[in-house]
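Just structure-v3.cif here, mmCIF, C-alpha atoms and all ligand atoms; chains and numbers go by the auth columns:
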data_upload
loop_
_atom_site.group_PDB
_atom_site.id
_atom_site.type_symbol
_atom_site.label_atom_id
_atom_site.label_comp_id
_atom_site.label_asym_id
_atom_site.label_seq_id
_atom_site.Cartn_x
_atom_site.Cartn_y
_atom_site.Cartn_z
_atom_site.B_iso_or_equiv
_atom_site.auth_seq_id
_atom_site.auth_asym_id
ATOM 1 C CA MET A 1 106.827 93.862 74.559 0.00 167 P
ATOM 2 C CA ARG A 2 107.919 93.671 78.162 0.00 168 P
ATOM 3 C CA VAL A 3 108.303 96.881 80.088 0.00 169 P
ATOM 4 C CA LYS A 4 109.433 97.858 83.553 0.00 170 P
ATOM 5 C CA VAL A 5 107.401 100.692 84.970 0.00 171 P
ATOM 6 C CA LYS A 6 108.289 103.024 87.797 0.00 172 P
ATOM 7 C CA ILE A 7 105.201 104.598 89.315 0.00 173 P
ATOM 8 C CA ILE A 8 105.512 107.517 91.696 0.00 174 P
ATOM 9 C CA CYS A 9 102.482 108.629 93.656 0.00 175 P
ATOM 10 C CA GLN A 10 102.086 112.380 93.378 0.00 176 P
ATOM 11 C CA GLU A 11 100.108 112.518 96.602 0.00 177 P
ATOM 12 C CA CYS A 12 102.302 110.675 99.109 0.00 178 P
ATOM 13 C CA GLY A 13 105.540 110.104 97.158 0.00 179 P
ATOM 14 C CA GLU A 14 105.467 106.308 97.401 0.00 180 P
ATOM 15 C CA ARG A 15 107.320 104.538 94.594 0.00 181 P
ATOM 16 C CA PHE A 16 106.464 101.264 92.944 0.00 182 P
ATOM 17 C CA ILE A 17 108.517 99.273 90.476 0.00 183 P
ATOM 18 C CA LEU A 18 106.438 96.926 88.397 0.00 184 P
ATOM 19 C CA SER A 19 106.951 94.850 85.344 0.00 185 P
ATOM 20 C CA GLY A 20 104.241 94.504 82.795 0.00 186 P
ATOM 21 C CA LYS A 21 103.693 94.362 79.107 0.00 187 P
ATOM 22 C CA LYS A 22 102.758 96.883 76.518 0.00 188 P
ATOM 23 C CA GLU A 23 100.113 96.030 73.979 0.00 189 P
ATOM 24 C CA GLN A 24 98.640 98.407 71.428 0.00 190 P
ATOM 25 C CA GLY A 25 100.174 101.375 73.204 0.00 191 P
ATOM 26 C CA LYS A 26 98.645 100.494 76.554 0.00 192 P
ATOM 27 C CA ILE A 27 100.706 99.318 79.511 0.00 193 P
ATOM 28 C CA GLU A 28 99.288 96.495 81.543 0.00 194 P
ATOM 29 C CA THR A 29 100.802 96.089 85.028 0.00 195 P
ATOM 30 C CA GLY A 30 97.823 95.228 87.188 0.00 196 P
ATOM 31 C CA PHE A 31 98.554 98.284 89.322 0.00 197 P
ATOM 32 C CA LYS A 32 95.336 99.665 90.746 0.00 198 P
ATOM 33 C CA GLN A 33 96.048 102.247 93.405 0.00 199 P
ATOM 34 C CA CYS A 34 98.554 103.535 95.896 0.00 200 P
ATOM 35 C CA LEU A 35 98.587 102.680 99.582 0.00 201 P
ATOM 36 C CA CYS A 36 97.106 106.145 100.204 0.00 202 P
ATOM 37 C CA ASP A 37 94.067 105.353 98.014 0.00 203 P
ATOM 38 C CA ASN A 38 95.215 107.634 95.197 0.00 204 P
ATOM 39 C CA GLN A 39 94.075 106.078 91.927 0.00 205 P
ATOM 40 C CA GLN A 40 94.743 108.829 89.408 0.00 206 P
ATOM 41 C CA HIS A 41 97.670 111.076 90.146 0.00 207 P
ATOM 42 C CA PHE A 42 100.867 109.278 89.267 0.00 208 P
ATOM 43 C CA GLU A 43 104.101 110.014 87.522 0.00 209 P
ATOM 44 C CA ILE A 44 105.023 107.058 85.341 0.00 210 P
ATOM 45 C CA GLU A 45 108.398 106.215 83.855 0.00 211 P
ATOM 46 C CA GLU A 46 108.745 103.393 81.344 0.00 212 P
ATOM 47 C CA HIS A 47 111.937 101.398 80.948 0.00 213 P
ATOM 48 C CA TYR A 48 112.341 99.001 78.064 0.00 214 P
ATOM 49 C CA PHE A 49 114.807 96.174 78.018 0.00 215 P
HETATM 50 ZN ZN ZN B . 100.185 107.521 97.523 0.00 301 P
#
Take the structure from the file and write it as structure tokens.
Ligand SMILES: [Zn+2]
Amino acid sequence: MRVKVKIICQECGERFILSGKKEQGKIETGFKQCLCDNQQHFEIEEHYF
């Protein structure tokens, strides 16, 4: 299943729009970290199409 993911960094507010795929309940986008080095604190919105 393809999914578009909006990731908002909770530390600096940067937003990223990525497309990925969802397999077995886990979203795979390849996203690793924000530009500010934050790797854990994100707000994530999933959009299916
Ligand atoms: Zn950030």
As a check of understanding: the span from atom CA of Glu212 of chain P to atom CA of Val169 of chain P is 6.6 Å
Per residue of chain P within 9 Å of ligand ZN 301 (chain P), which atom pair is closest and at what distance in Å (one decimal), using only C-alpha atoms and all ligand atoms, listed by chain and increasing number, as a tab-separated table?
residue	atom	partner	partner_atom	distance
P:Ile174	CA	P:ZN301	ZN	7.9
P:Cys175	CA	P:ZN301	ZN	4.6
P:Gln176	CA	P:ZN301	ZN	6.7
P:Glu177	CA	P:ZN301	ZN	5.1
P:Cys178	CA	P:ZN301	ZN	4.1
P:Gly179	CA	P:ZN301	ZN	6.0
P:Glu180	CA	P:ZN301	ZN	5.4
P:Arg181	CA	P:ZN301	ZN	8.3
P:Gln199	CA	P:ZN301	ZN	7.9
P:Cys200	CA	P:ZN301	ZN	4.6
P:Leu201	CA	P:ZN301	ZN	5.5
P:Cys202	CA	P:ZN301	ZN	4.3
P:Asp203	CA	P:ZN301	ZN	6.5
P:Asn204	CA	P:ZN301	ZN	5.5
P:Gln205	CA	P:ZN301	ZN	8.4
P:His207	CA	P:ZN301	ZN	8.6
P:Phe208	CA	P:ZN301	ZN	8.5
Picked residues, the PyMOL selection byres (((chain P and resi 168) around 10) and not hetatm), as a list in words
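What the PyMOL selection byres (((chain P and resi 168) around 10) and not hetatm) grabs from the file is Met167, Val169, Lys170, Val171, Ser185, Gly186, Lys187, Lys188, Glu189, Ile193, Glu194, His213, Tyr214 and Phe215 of chain P.
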Take every atom of segment 171-184 of chain P listed in the file, pad by 3 Å on each side, and give me the axis-aligned box centre and edge lengths in Å, one decimal, as AutoDock Vina command-line options.
--center_x 104.3 --center_y 104.7 --center_z 92.0 --size_x 14.4 --size_y 21.6 --size_z 20.1
